[in-house]
>>> print(open('query-v6.cif').read())   # mmCIF, C-alpha atoms
data_run
#
loop_
_atom_site.label_atom_id
_atom_site.label_comp_id
_atom_site.auth_asym_id
_atom_site.auth_seq_id
_atom_site.Cartn_x
_atom_site.Cartn_y
_atom_site.Cartn_z
CA MET A 5 -34.45 -8.41 32.45
CA THR A 6 -35.70 -9.93 35.61
CA GLY A 7 -35.54 -6.88 37.86
CA PRO A 8 -32.83 -4.80 39.43
CA GLN A 9 -31.60 -7.38 41.94
CA ARG A 10 -31.55 -10.58 39.92
CA ILE A 11 -29.26 -10.51 36.90
CA THR A 12 -29.21 -13.46 34.52
CA GLU A 13 -26.29 -14.40 32.32
CA ALA A 14 -28.48 -13.76 29.28
CA ASP A 15 -28.93 -10.19 30.51
CA LEU A 16 -25.20 -9.75 30.73
CA HIS A 17 -24.61 -10.99 27.19
CA ALA A 18 -27.39 -8.79 25.84
CA PHE A 19 -25.94 -5.84 27.73
CA VAL A 20 -22.43 -6.41 26.39
CA ASP A 21 -23.68 -6.88 22.83
CA GLY A 22 -25.80 -3.75 22.82
CA GLU A 23 -29.04 -5.67 22.55
CA LEU A 24 -30.85 -3.92 25.37
CA ALA A 25 -33.20 -0.98 24.94
CA ALA A 26 -32.11 2.21 26.65
CA GLU A 27 -34.37 1.72 29.65
CA GLU A 28 -33.32 -1.89 30.20
CA LYS A 29 -29.74 -0.86 29.84
CA HIS A 30 -29.97 1.78 32.54
CA GLU A 31 -31.77 -0.62 34.81
CA LEU A 32 -29.05 -3.22 34.33
CA GLU A 33 -26.27 -0.71 34.81
CA ALA A 34 -27.81 0.23 38.13
CA ALA A 35 -28.10 -3.42 39.12
CA LEU A 36 -24.48 -4.09 38.09
CA ALA A 37 -23.24 -1.26 40.26
CA ALA A 38 -24.51 -3.24 43.24
CA ASN A 39 -23.12 -6.56 41.99
CA PRO A 40 -19.34 -6.46 41.57
CA ALA A 41 -19.16 -10.12 40.57
CA GLU A 42 -21.64 -9.65 37.73
CA MET A 43 -19.88 -6.47 36.77
CA THR A 44 -16.62 -8.38 36.45
CA LEU A 45 -18.28 -11.03 34.32
CA ALA A 46 -19.74 -8.40 32.00
CA ARG A 47 -16.32 -6.83 31.66
CA GLU A 48 -14.81 -10.19 30.81
CA PHE A 49 -17.37 -10.78 28.08
CA ARG A 50 -16.65 -7.34 26.71
CA ASP A 51 -12.90 -7.94 26.85
CA LEU A 52 -13.42 -11.13 24.93
CA ASN A 53 -15.04 -9.18 22.11
CA SER A 54 -12.20 -6.65 22.15
CA ALA A 55 -9.63 -9.42 22.13
CA LEU A 56 -11.24 -11.00 19.07
CA LYS A 57 -11.27 -7.69 17.24
CA ALA A 58 -7.66 -6.99 18.15
CA ARG A 59 -6.53 -10.49 17.16
CA TYR A 60 -7.98 -10.33 13.66
CA ALA A 61 -7.66 -6.60 12.98
CA ALA A 62 -4.81 -7.15 10.52
CA LYS A 63 -7.12 -9.15 8.24
CA LEU A 64 -8.99 -5.96 7.41
CA ASP A 65 -5.83 -4.55 5.88
CA GLU A 66 -4.92 -7.32 3.50
CA PRO A 67 -5.12 -6.65 -0.21
CA LEU A 68 -6.97 -9.11 -2.41
CA THR A 69 -4.95 -12.17 -3.26
CA PRO A 70 -4.02 -12.68 -6.89
CA ALA A 71 -6.25 -15.75 -6.86
CA MET A 72 -9.22 -13.64 -5.81
CA ARG A 73 -8.57 -11.19 -8.59
CA VAL A 74 -8.40 -14.04 -11.05
CA ARG A 75 -11.66 -15.38 -9.68
CA ILE A 76 -13.32 -12.04 -10.15
CA ALA A 77 -11.92 -11.74 -13.66
CA ARG A 78 -13.14 -15.24 -14.54
CA LEU A 79 -16.71 -14.20 -13.94
CA ARG A 80 -16.77 -12.52 -17.28
CA PRO A 81 -17.23 -15.41 -19.73
CA GLY A 82 -20.18 -16.93 -17.88
CA LEU A 83 -22.07 -13.71 -17.85
CA LEU A 84 -21.10 -12.84 -21.40
CA ARG A 85 -22.68 -15.95 -22.81
CA ARG A 86 -26.10 -14.64 -21.87
CA ILE A 87 -25.57 -11.39 -23.74
CA ALA A 88 -26.22 -10.78 -27.41
CA PRO A 89 -23.01 -11.02 -29.47
CA VAL A 90 -23.23 -7.43 -30.66
CA LEU A 91 -23.28 -6.17 -27.12
CA ARG A 92 -20.51 -8.41 -25.88
CA PRO A 93 -17.60 -6.00 -26.31
CA ILE A 94 -19.53 -3.36 -24.35
CA ALA A 95 -20.53 -5.86 -21.70
CA ALA A 96 -16.97 -7.13 -21.45
CA THR A 97 -15.71 -3.61 -20.91
CA LEU A 98 -18.31 -2.97 -18.24
CA LEU A 99 -17.49 -6.20 -16.47
CA LEU A 100 -13.80 -5.50 -16.63
CA LEU A 101 -14.50 -2.12 -15.11
CA ALA A 102 -16.71 -3.66 -12.45
CA ALA A 103 -14.01 -6.19 -11.55
CA GLY A 104 -11.57 -3.34 -11.39
CA VAL A 105 -13.88 -1.41 -9.12
CA VAL A 106 -14.27 -4.43 -6.85
CA GLY A 107 -10.56 -5.02 -6.58
CA TYR A 108 -9.75 -1.40 -6.31
CA PHE A 109 -12.24 -0.59 -3.59
CA ALA A 110 -11.43 -3.65 -1.56
CA HIS A 111 -7.80 -2.76 -1.91
CA ALA A 112 -8.13 0.89 -1.16
CA ARG A 113 -10.76 0.96 1.49
CA TYR A 114 -8.73 0.09 4.52
CA THR A 115 -5.85 2.39 5.12
CA GLU A 116 -5.21 2.36 8.81
CA PRO A 117 -1.72 3.39 9.84
CA VAL A 118 0.61 0.55 10.76
CA GLU A 119 3.13 0.61 13.52
CA HIS A 120 6.18 -0.17 11.47
CA ASP A 121 6.45 1.87 8.34
CA PRO A 122 9.01 0.46 5.94
CA PRO A 123 12.16 2.53 5.46
CA PHE A 124 11.37 3.34 1.85
CA VAL A 125 8.45 5.57 2.81
CA VAL A 126 10.65 7.50 5.21
CA THR A 127 13.20 7.96 2.44
CA ALA A 128 10.43 8.89 0.01
CA LEU A 129 9.07 11.58 2.27
CA ALA A 130 12.58 12.91 2.96
CA ALA A 131 13.15 13.16 -0.78
CA HIS A 132 9.80 14.85 -1.14
CA THR A 133 10.56 17.54 1.41
CA THR A 134 14.04 18.04 -0.06
CA TYR A 135 13.03 18.65 -3.66
CA VAL A 136 9.54 20.10 -3.47
CA PRO A 137 10.71 23.58 -2.38
CA GLU A 138 13.14 23.81 -5.33
CA VAL A 139 12.24 26.50 -7.79
CA ARG A 140 14.78 25.96 -10.55
CA HIS A 141 15.91 22.40 -9.93
CA ALA A 142 12.77 20.62 -8.78
CA VAL A 143 13.36 17.84 -11.27
CA GLU A 144 16.48 16.42 -12.82
CA VAL A 145 14.91 15.57 -16.16
CA LYS A 146 11.85 17.41 -17.37
CA ALA A 147 8.74 15.58 -18.51
CA ASP A 148 9.20 16.83 -22.06
CA GLU A 149 12.60 15.22 -22.43
CA ALA A 150 12.17 12.07 -24.43
CA HIS A 151 14.39 9.80 -22.42
CA LEU A 152 12.91 10.36 -18.94
CA ILE A 153 10.95 7.10 -18.72
CA ARG A 154 13.49 5.06 -20.64
CA TRP A 155 16.29 6.25 -18.43
CA LEU A 156 14.48 5.61 -15.16
CA THR A 157 13.26 2.21 -16.34
CA LYS A 158 16.81 1.24 -17.11
CA ARG A 159 18.19 2.49 -13.80
CA ILE A 160 15.41 1.08 -11.61
CA GLY A 161 15.72 -2.26 -13.35
CA THR A 162 12.04 -2.83 -14.10
CA GLU A 163 9.44 -1.07 -16.18
CA VAL A 164 8.62 2.30 -14.71
CA ARG A 165 5.68 4.45 -15.74
CA ALA A 166 4.71 7.95 -14.76
CA PRO A 167 0.94 7.99 -14.20
CA LEU A 168 -0.90 10.88 -15.81
CA LEU A 169 -2.85 12.91 -13.31
CA ALA A 170 -3.76 15.82 -15.56
CA ASP A 171 -7.44 14.88 -15.31
CA LEU A 172 -7.20 15.55 -11.61
CA GLY A 173 -5.40 18.82 -12.16
CA TRP A 174 -1.82 17.66 -11.61
CA LYS A 175 0.75 18.13 -14.35
CA LEU A 176 3.81 15.94 -14.55
CA MET A 177 6.91 18.13 -14.19
CA GLY A 178 9.53 15.46 -14.60
CA GLY A 179 11.59 13.11 -12.50
CA ARG A 180 14.88 12.33 -10.90
CA LEU A 181 17.00 9.40 -9.86
CA LEU A 182 17.71 8.93 -6.16
CA PRO A 183 19.74 6.57 -4.02
CA ASP A 184 17.81 4.42 -1.54
CA HIS A 185 19.92 2.13 0.63
CA GLY A 186 21.91 0.72 -2.24
CA LEU A 187 19.01 0.69 -4.68
CA ALA A 188 18.08 3.17 -7.36
CA ALA A 189 14.81 4.98 -6.75
CA ALA A 190 12.80 7.28 -8.99
CA GLN A 191 10.84 10.36 -8.05
CA PHE A 192 8.24 11.90 -10.31
CA MET A 193 7.02 15.34 -9.43
CA TYR A 194 3.62 16.84 -10.20
CA GLU A 195 2.30 20.34 -9.79
CA ASP A 196 -1.20 21.73 -9.75
CA LYS A 197 -2.48 25.14 -10.89
CA THR A 198 -1.98 26.60 -7.45
CA GLY A 199 1.65 25.50 -7.25
CA ARG A 200 1.10 22.61 -4.86
CA ARG A 201 3.43 19.72 -5.50
CA LEU A 202 3.12 15.99 -5.28
CA THR A 203 5.78 13.33 -5.68
CA LEU A 204 5.50 9.69 -6.62
CA TYR A 205 8.47 7.74 -5.35
CA LEU A 206 9.13 4.23 -6.50
CA ARG A 207 11.78 1.64 -6.29
CA LYS A 208 12.17 -2.10 -6.61
CA GLU A 209 10.91 -4.12 -3.69
CA MET A 210 12.29 -7.58 -3.27
CA GLY A 211 11.83 -8.34 0.41
CA LEU A 212 8.38 -7.26 1.48
CA ASP A 213 5.03 -8.68 0.45
CA ASN A 214 2.38 -6.71 -1.37
CA THR A 215 0.37 -4.41 0.85
CA SER A 216 -2.75 -2.33 0.59
CA PHE A 217 -2.54 1.43 0.97
CA ARG A 218 -0.96 2.65 4.16
CA PHE A 219 -0.74 6.19 5.36
CA TYR A 220 2.39 7.75 6.77
CA GLU A 221 2.51 11.29 8.08
CA ARG A 222 5.25 13.53 9.32
CA ASP A 223 5.54 17.28 9.89
CA GLY A 224 2.38 18.03 7.98
CA PHE A 225 3.40 15.96 4.96
CA GLY A 226 1.43 12.85 4.20
CA SER A 227 2.32 9.82 2.17
CA PHE A 228 0.23 6.94 0.93
CA TYR A 229 2.44 4.01 0.21
CA TRP A 230 1.92 0.49 -1.04
CA ILE A 231 3.85 -2.41 -2.43
CA ASP A 232 2.79 -3.98 -5.68
CA ARG A 233 5.76 -6.09 -6.56
CA PRO A 234 8.17 -5.66 -8.21
CA LEU A 235 7.79 -2.04 -7.12
CA ALA A 236 7.14 -0.16 -3.92
CA TYR A 237 5.36 3.19 -4.24
CA ALA A 238 4.89 6.25 -2.07
CA LEU A 239 2.74 9.19 -3.11
CA SER A 240 3.53 12.21 -0.97
CA GLY A 241 2.30 15.74 -0.63
CA ARG A 242 0.99 18.39 1.67
CA VAL A 243 -2.63 17.90 0.69
CA SER A 244 -5.56 16.58 2.68
CA ARG A 245 -5.54 12.90 3.42
CA GLU A 246 -8.75 12.47 1.42
CA GLU A 247 -7.32 14.16 -1.63
CA LEU A 248 -4.09 12.22 -1.38
CA MET A 249 -6.11 9.05 -1.08
CA SER A 250 -8.06 9.72 -4.25
CA LEU A 251 -4.84 10.57 -6.06
CA ALA A 252 -3.26 7.37 -4.79
CA ASN A 253 -6.30 5.47 -6.06
CA ALA A 254 -5.88 7.09 -9.47
CA VAL A 255 -2.18 6.23 -9.57
CA TYR A 256 -2.86 2.67 -8.50
CA ALA A 257 -5.63 2.23 -11.06
CA GLN A 258 -3.41 3.50 -13.88
CA LEU A 259 -0.48 1.35 -12.91
CA GLU A 260 -2.74 -1.69 -12.65
CA THR A 261 -3.82 -1.19 -16.24
CA PRO A 262 -1.40 -3.01 -18.51
CA PRO A 263 0.73 -0.70 -20.64
CA GLY A 264 -1.03 0.05 -23.88
CA ALA A 265 -4.54 -0.53 -22.54
CA ARG A 266 -4.93 3.05 -21.50
CA ASP A 267 -1.68 4.86 -22.06
CA PRO A 268 0.61 4.80 -25.01
CA PRO A 269 3.55 2.42 -24.38
CA PRO A 270 6.63 4.06 -22.87
CA ALA A 271 8.47 4.35 -26.17
CA SER A 272 5.71 6.22 -27.97
CA ARG A 273 4.93 8.21 -24.87
CA ASP A 274 8.51 9.41 -24.99
CA ALA A 275 7.85 10.73 -28.45
CA GLN A 276 4.86 12.77 -27.25
CA PRO A 277 5.80 13.62 -23.72
CA GLN A 278 2.98 16.01 -22.89
CA PRO A 279 -0.15 14.05 -23.70
CA ARG A 280 -2.42 16.79 -22.48
CA MET B 12 -23.94 -2.27 -11.28
CA SER B 13 -20.97 -0.47 -9.88
CA SER B 14 -22.64 0.65 -6.68
CA ARG B 15 -23.64 -2.94 -5.96
CA SER B 16 -20.17 -4.20 -6.83
CA GLU B 17 -18.75 -1.60 -4.52
CA ALA B 18 -21.10 -2.72 -1.78
CA VAL B 19 -19.81 -6.27 -2.21
CA ALA B 20 -16.21 -5.16 -2.42
CA ALA B 21 -16.54 -3.09 0.70
CA GLU B 22 -17.51 -6.20 2.66
CA ILE B 23 -14.59 -8.34 1.53
CA PRO B 24 -12.22 -7.38 4.35
CA ARG B 25 -14.83 -8.20 6.98
CA LEU B 26 -15.72 -11.46 5.29
CA ARG B 27 -12.07 -12.44 5.23
CA ARG B 28 -11.63 -11.54 8.85
CA TYR B 29 -14.59 -13.68 9.83
CA ALA B 30 -13.57 -16.58 7.60
CA ARG B 31 -10.06 -16.53 8.98
CA ALA B 32 -11.26 -16.58 12.57
CA LEU B 33 -13.83 -19.27 11.78
CA LEU B 34 -11.47 -21.60 9.94
CA GLY B 35 -8.21 -20.89 11.71
CA ASP B 36 -6.30 -20.95 8.44
CA ASP B 37 -5.52 -18.18 5.96
CA GLY B 38 -5.55 -20.36 2.88
CA GLU B 39 -8.84 -22.06 3.64
CA ALA B 40 -10.37 -18.73 4.55
CA ASP B 41 -9.34 -17.19 1.25
CA ASP B 42 -10.69 -20.19 -0.65
CA LEU B 43 -14.00 -19.71 1.07
CA ILE B 44 -13.98 -16.01 0.26
CA GLN B 45 -13.31 -16.75 -3.38
CA ASP B 46 -16.25 -19.10 -3.54
CA THR B 47 -18.39 -16.57 -1.72
CA LEU B 48 -17.38 -13.84 -4.13
CA GLU B 49 -18.11 -15.95 -7.13
CA ARG B 50 -21.54 -16.89 -5.89
CA ALA B 51 -22.28 -13.34 -4.78
CA LEU B 52 -21.19 -11.67 -7.98
CA ALA B 53 -23.08 -14.21 -10.05
CA ARG B 54 -26.18 -13.38 -8.05
CA LEU B 55 -25.61 -9.67 -8.04
CA PRO B 56 -28.42 -8.98 -10.52
CA GLN B 57 -30.92 -10.54 -8.07
CA TRP B 58 -29.67 -8.45 -5.22
CA ARG B 59 -31.83 -5.41 -4.55
CA GLU B 60 -30.38 -2.01 -3.69
CA GLY B 61 -32.14 -1.84 -0.34
CA ASP B 62 -30.85 -5.21 0.84
CA ASN B 63 -28.21 -5.30 3.52
CA PRO B 64 -25.08 -6.48 1.71
CA ARG B 65 -23.38 -7.63 4.87
CA LYS B 66 -26.17 -9.97 5.91
CA TRP B 67 -26.54 -11.28 2.40
CA LEU B 68 -22.82 -11.99 1.96
CA PHE B 69 -22.39 -13.58 5.37
CA SER B 70 -25.37 -15.82 4.58
CA ILE B 71 -23.76 -16.90 1.32
CA LEU B 72 -20.50 -17.54 3.10
CA HIS B 73 -22.21 -19.53 5.82
CA ASN B 74 -24.12 -21.70 3.37
CA LEU B 75 -21.00 -22.40 1.35
CA HIS B 76 -19.11 -23.26 4.49
CA VAL B 77 -21.78 -25.69 5.67
CA ASP B 78 -22.00 -27.23 2.19
CA GLY B 79 -18.23 -27.52 2.14
CA LEU B 80 -18.19 -29.27 5.48
CA ARG B 81 -20.77 -31.77 4.26
CA ARG B 82 -18.93 -32.36 1.03
CA ARG B 83 -15.49 -32.59 2.53
CA SER B 84 -16.26 -34.98 5.33
CA ARG B 85 -12.79 -36.44 4.91
CA ARG B 86 -11.48 -33.31 6.56
CA PRO B 87 -11.09 -33.94 10.28
CA PRO B 88 -13.80 -32.11 12.21
CA HIS B 89 -12.90 -29.48 14.73
CA VAL B 90 -12.40 -31.05 18.09
CA GLY B 91 -14.85 -29.89 20.71
CA LEU B 92 -13.95 -29.32 24.31
CA GLU B 93 -16.14 -32.18 25.47
CA SER B 94 -13.90 -34.69 23.80
CA VAL B 95 -10.65 -33.02 24.65
CA GLY B 96 -10.96 -32.18 28.28
CA VAL B 97 -9.35 -29.10 29.67
CA ASP B 98 -6.01 -30.04 31.08
CA GLN B 99 -2.40 -29.08 30.57
CA SER B 100 -1.74 -31.62 27.86
CA SER B 101 -4.70 -30.59 25.71
CA PRO B 102 -4.39 -28.22 22.76
CA SER B 103 -5.86 -25.56 25.00
CA ALA B 104 -2.63 -25.53 26.92
CA ASP B 105 -0.80 -24.84 23.67
CA ALA B 106 -3.32 -22.18 22.84
CA ALA B 107 -2.63 -20.57 26.14
CA SER B 108 1.14 -20.80 25.96
CA GLY B 109 1.00 -19.35 22.45
CA GLY B 110 -0.88 -16.44 23.96
CA ASP B 111 -3.39 -16.68 21.17
CA ILE B 112 -7.15 -16.53 21.29
CA ASP B 113 -7.11 -17.90 17.75
CA ARG B 114 -6.13 -21.34 18.99
CA ALA B 115 -8.62 -21.21 21.82
CA LEU B 116 -11.41 -20.42 19.35
CA GLN B 117 -10.73 -23.55 17.38
CA LEU B 118 -11.61 -25.57 20.46
CA LEU B 119 -15.21 -24.39 20.35
CA SER B 120 -17.75 -26.31 18.34
CA GLY B 121 -18.41 -24.82 14.90
CA GLU B 122 -21.91 -23.82 15.97
CA GLN B 123 -20.64 -21.90 18.96
CA ARG B 124 -17.72 -20.40 17.12
CA ARG B 125 -19.96 -18.93 14.42
CA VAL B 126 -22.21 -17.21 16.91
CA VAL B 127 -19.37 -15.96 19.10
CA LEU B 128 -17.64 -14.51 16.03
CA LEU B 129 -20.61 -13.01 14.23
CA ILE B 130 -21.64 -11.19 17.38
CA GLY B 131 -18.37 -10.60 19.17
CA LEU B 132 -16.05 -10.01 16.23
CA GLU B 133 -18.36 -8.72 13.54
CA GLY B 134 -20.71 -6.86 15.85
CA LEU B 135 -23.86 -8.23 14.23
CA SER B 136 -27.11 -8.19 16.17
CA TYR B 137 -28.69 -11.36 17.54
CA ALA B 138 -31.45 -11.01 14.96
CA GLU B 139 -29.02 -10.65 12.05
CA THR B 140 -26.99 -13.59 13.30
CA ALA B 141 -30.14 -15.68 13.54
CA GLU B 142 -31.03 -14.84 9.94
CA ILE B 143 -27.56 -15.54 8.62
CA LEU B 144 -27.38 -18.92 10.32
CA SER B 145 -31.09 -19.73 9.76
CA ILE B 146 -31.68 -20.50 13.40
CA PRO B 147 -34.03 -18.97 16.01
CA VAL B 148 -32.81 -16.04 18.09
CA GLY B 149 -33.15 -18.17 21.23
CA THR B 150 -30.69 -20.67 19.78
CA VAL B 151 -28.30 -17.84 18.96
CA MET B 152 -28.43 -16.73 22.58
CA SER B 153 -27.87 -20.14 24.09
CA ARG B 154 -24.99 -20.92 21.74
CA LEU B 155 -23.48 -17.54 22.48
CA ALA B 156 -23.66 -18.09 26.23
CA ARG B 157 -22.09 -21.54 26.01
CA GLY B 158 -19.47 -20.49 23.50
CA ARG B 159 -18.40 -17.45 25.43
CA ASP B 160 -18.21 -19.41 28.65
CA ARG B 161 -15.92 -21.92 27.00
CA LEU B 162 -13.76 -19.27 25.46
CA ARG B 163 -13.55 -17.53 28.80
CA MET B 164 -12.39 -20.77 30.40
CA LEU B 165 -9.60 -21.01 27.86
CA VAL B 166 -8.32 -17.54 28.35
CA ASP B 167 -7.41 -15.77 31.50
CA TYR B 168 -7.57 -12.08 31.88
CA GLU B 169 -4.74 -10.09 33.25
CA GLY B 170 -6.42 -6.76 33.35
CA GLY B 171 -7.33 -6.66 29.66
CA ASP B 172 -5.41 -3.58 28.64
CA ARG B 173 -6.77 -0.63 26.70
CA ASN B 174 -6.24 -2.31 23.35
CA GLY B 175 -8.38 -5.17 24.50
CA ARG B 176 -5.47 -7.53 24.33
CA LEU B 177 -5.65 -10.53 26.55
CA SER B 178 -2.90 -12.23 28.35
CA LEU B 179 -3.55 -15.92 28.09
CA ARG B 180 -2.45 -18.32 30.74
CA ARG B 181 -2.53 -22.03 31.00
CA VAL B 182 -5.89 -23.27 32.10
CA LYS B 183 -5.78 -24.74 35.56
#
>>> encode(input="query-v6.cif", output="C-alpha cells")
Amino acid sequence: MTGPQRITEADLHAFVDGELAAEEKHELEAALAANPAEMTLAREFRDLNSALKARYAAKLDEPLTPAMRVRIARLRPGLLRRIAPVLRPIAATLLLLAAGVVGYFAHARYTEPVEHDPPFVVTALAAHTTYVPEVRHAVEVKADEAHLIRWLTKRIGTEVRAPLLADLGWKLMGGRLLPDHGLAAAQFMYEDKTGRRLTLYLRKEMGLDNTSFRFYERDGFGSFYWIDRPLAYALSGRVSREELMSLANAVYAQLETPPGARDPPPASRDAQPQPR
Amino acid sequence: MSSRSEAVAAEIPRLRRYARALLGDDGEADDLIQDTLERALARLPQWREGDNPRKWLFSILHNLHVDGLRRRSRRPPHVGLESVGVDQSSPSADAASGGDIDRALQLLSGEQRRVVLLIGLEGLSYAETAEILSIPVGTVMSRLARGRDRLRMLVDYEGGDRNGRLSLRRVK
C-alpha cells in the first residue's frame, strides 16, 4: 500500500487475491471508492478469476479415467518387492484397498448437481415413488426367490447384481422389472428397521459416458446416480443426502469389486438368497 | 496409509483442473496427472501427516511438467503474445470468436499461465505459489501482473454476469 490516494496495480492484484491484511484491505477499499477507474480494474481482475473457475468447473466432476486406475493399481508390484515374502499377501491386500480408497474417494467426492439430468434418473425416481408406498406388492420377486438375479440379468442383458447393504442396516426385499424408454430396467428395493425404503434402479447405458456421482432431488426424494458402463445406476430414497451418499458409496464399492472377490457369484447367491 | 491416500485422492480433481487449464488438452492433462499420481503415491511414505497435500502435489506436478517440457523439446512450444501480435488474424481472434478463455490462456507464456492459474483458478496464496514454482514471491507478483494484463487484453467484459462468465469479443 502506498497510501489512500495512490493505488498501484500490485495493490489491486493483492486486494483481489485476498493477500491484504484486514487494515490494508479497508484502507484500499476506501481508496477505491474514490477511484472508479481503479475500482473497475479490480472488478475486471476479479471477474477474470471467476471466469477461470467457471470455465474449468466441470473438470472437478470427472471420474478417474480407466488409465489412471490402472496406473494406481500398477503401483503394487514395485512396493511389494520391498516387503518380506511372508507379508506380501497382506501388503497386497492393503495396497489394493488403498488403491480402492483413492479411486473411490476421488470418484465420490464431487457430487455437484448438473443442469441436465439424464432421463433415466427421472424414470428411476418415478419408479421409486410409485412402488415404495406399496405394502403388499412392493417387489415383484422377493429376495428369497432363487431366480431373482438370474431373471433380471437375463432381461437387462448384462450381469446384474444386488449389492448387500445389511451391514448398513438395509435389507434387500427383492426386485422388479420395469420398462424404460424401450429398455428393460431393474429395481431392487431395500428396507431398514424403521421401515424406510431405498431403491437401486439400473439399466443398460449405451449412449452416455461414465460419470461420477450426481445428485438429483425432487419432492423431498433424493437420488444419487452414476454411469459405470455398461450400466447406469440410480439410488433413491427419502433419506438425508449424506446418508444416501454413503449408501451410494457402499453400492459403488461393492459393484466395483469383481464378482466372487467379495460376494458369492450370482448362481450360488441364488442358492442362499439371504446371506445375513 | 489410508488417510494419506485419501488426502492425495481428494486433490486429484483440482490437479486435473489445473493441468487441463495449463496444457489446454484433456489427454495431455490426464497423462500428467497419472505421472503425478505415480510419483506422489510412490513417495507417500515420506510425506508427513502435517504437510499440506495440495502444495506438495502441485509441486510434484509442476516439476514433472517442467521436466517433460525439457525432455519433449520436439513438442512445439506455446506461442507467446510477443511473437504473435494481437490482431484479428491471430489465434487470439479465434479464441475470442470461440468465446473461450481457454484459448486465450494458451497465448500466455507458460510462466505467466502457471501463476495466473495457481492464484486465480486454484486460489493459492502468493507464498504457496512461490514455493510450488520455486521462485521468489516478487517474481510471482510480477508474472501475475503481466499475465493478467495479457489475459485481460484478450477478453472483453460485457458486464461479467453473476456466474462470472465472460463474453469474449474480438480484440481490437
>>> resolve_selection(input="query-v6.cif", expression="the PyMOL selection byres ((chain A and resi 207) around 8)", output="JSON, numbers by chain")
{"A": [160, 187, 188, 189, 190, 205, 206, 208, 209, 235, 236, 237]}
>>> resolve_selection(input="query-v6.cif", expression="the PyMOL selection byres ((chain A and resi 204) around 7)", output="list in words")
Gln191, Phe192, Met193, Leu202, Thr203, Tyr205, Leu206, Tyr237, Ala238, Leu239 and Ser240 of chain A
>>> resolve_selection(input="query-v6.cif", expression="the PyMOL selection byres ((chain B) within 9 of (chain A))", output="PyMOL selection string")
chain B and resi 12-13+16-29+31-32+41-42+44-46+48-49+52-53+111-113+127-128+130-137+152-153+155-156+159-160+162-163+166+168+171-172+174-177
>>> atom_distance(input="query-v6.cif", atom1="atom CA of A:Thr198", atom2="atom CA of A:Arg140")
17.1 Å
>>> atom_distance(input="query-v6.cif", atom1="atom CA of A:Thr133", atom2="atom CA of A:Ile153")
22.7 Å
>>> atom_distance(input="query-v6.cif", atom1="atom CA of A:Val125", atom2="atom CA of A:Gly241")
12.4 Å
>>> residues_near_point(input="query-v6.cif", point="(-28.8, -11.9, 4.8)", cutoff="10 Å", atoms="all atoms listed in the file", output="PyMOL selection string")
chain B and resi 62-71+139-145
>>> axis_aligned_box(input="query-v6.cif", around="stretch 28-46 of chain A", padding_each_side="3 Å", output="lines of an AutoDock Vina configuration file")
center_x = -25.0
center_y = -4.6
center_z = 36.5
size_x = 22.7
size_y = 18.8
size_z = 19.4
>>> closest_residue(input="query-v6.cif", among="A:Ala37, A:Thr261, A:Ser244, A:Pro137", to="A:Ile11", atoms="only C-alpha atoms")
A:Ala37
>>> residues_around(input="query-v6.cif", residues="B:Val77", least_positions_apart="2", cutoff="12 Å", atoms="all atoms listed in the file", output="list in words")
Leu33, Leu34, Leu43, Ser70, Ile71, Leu72, His73, Asn74, Leu75, Gly79, Leu80, Arg81, Arg82, Arg83, Ser84, Gly121, Glu122, Arg125, Leu144 and Ser145 of chain B
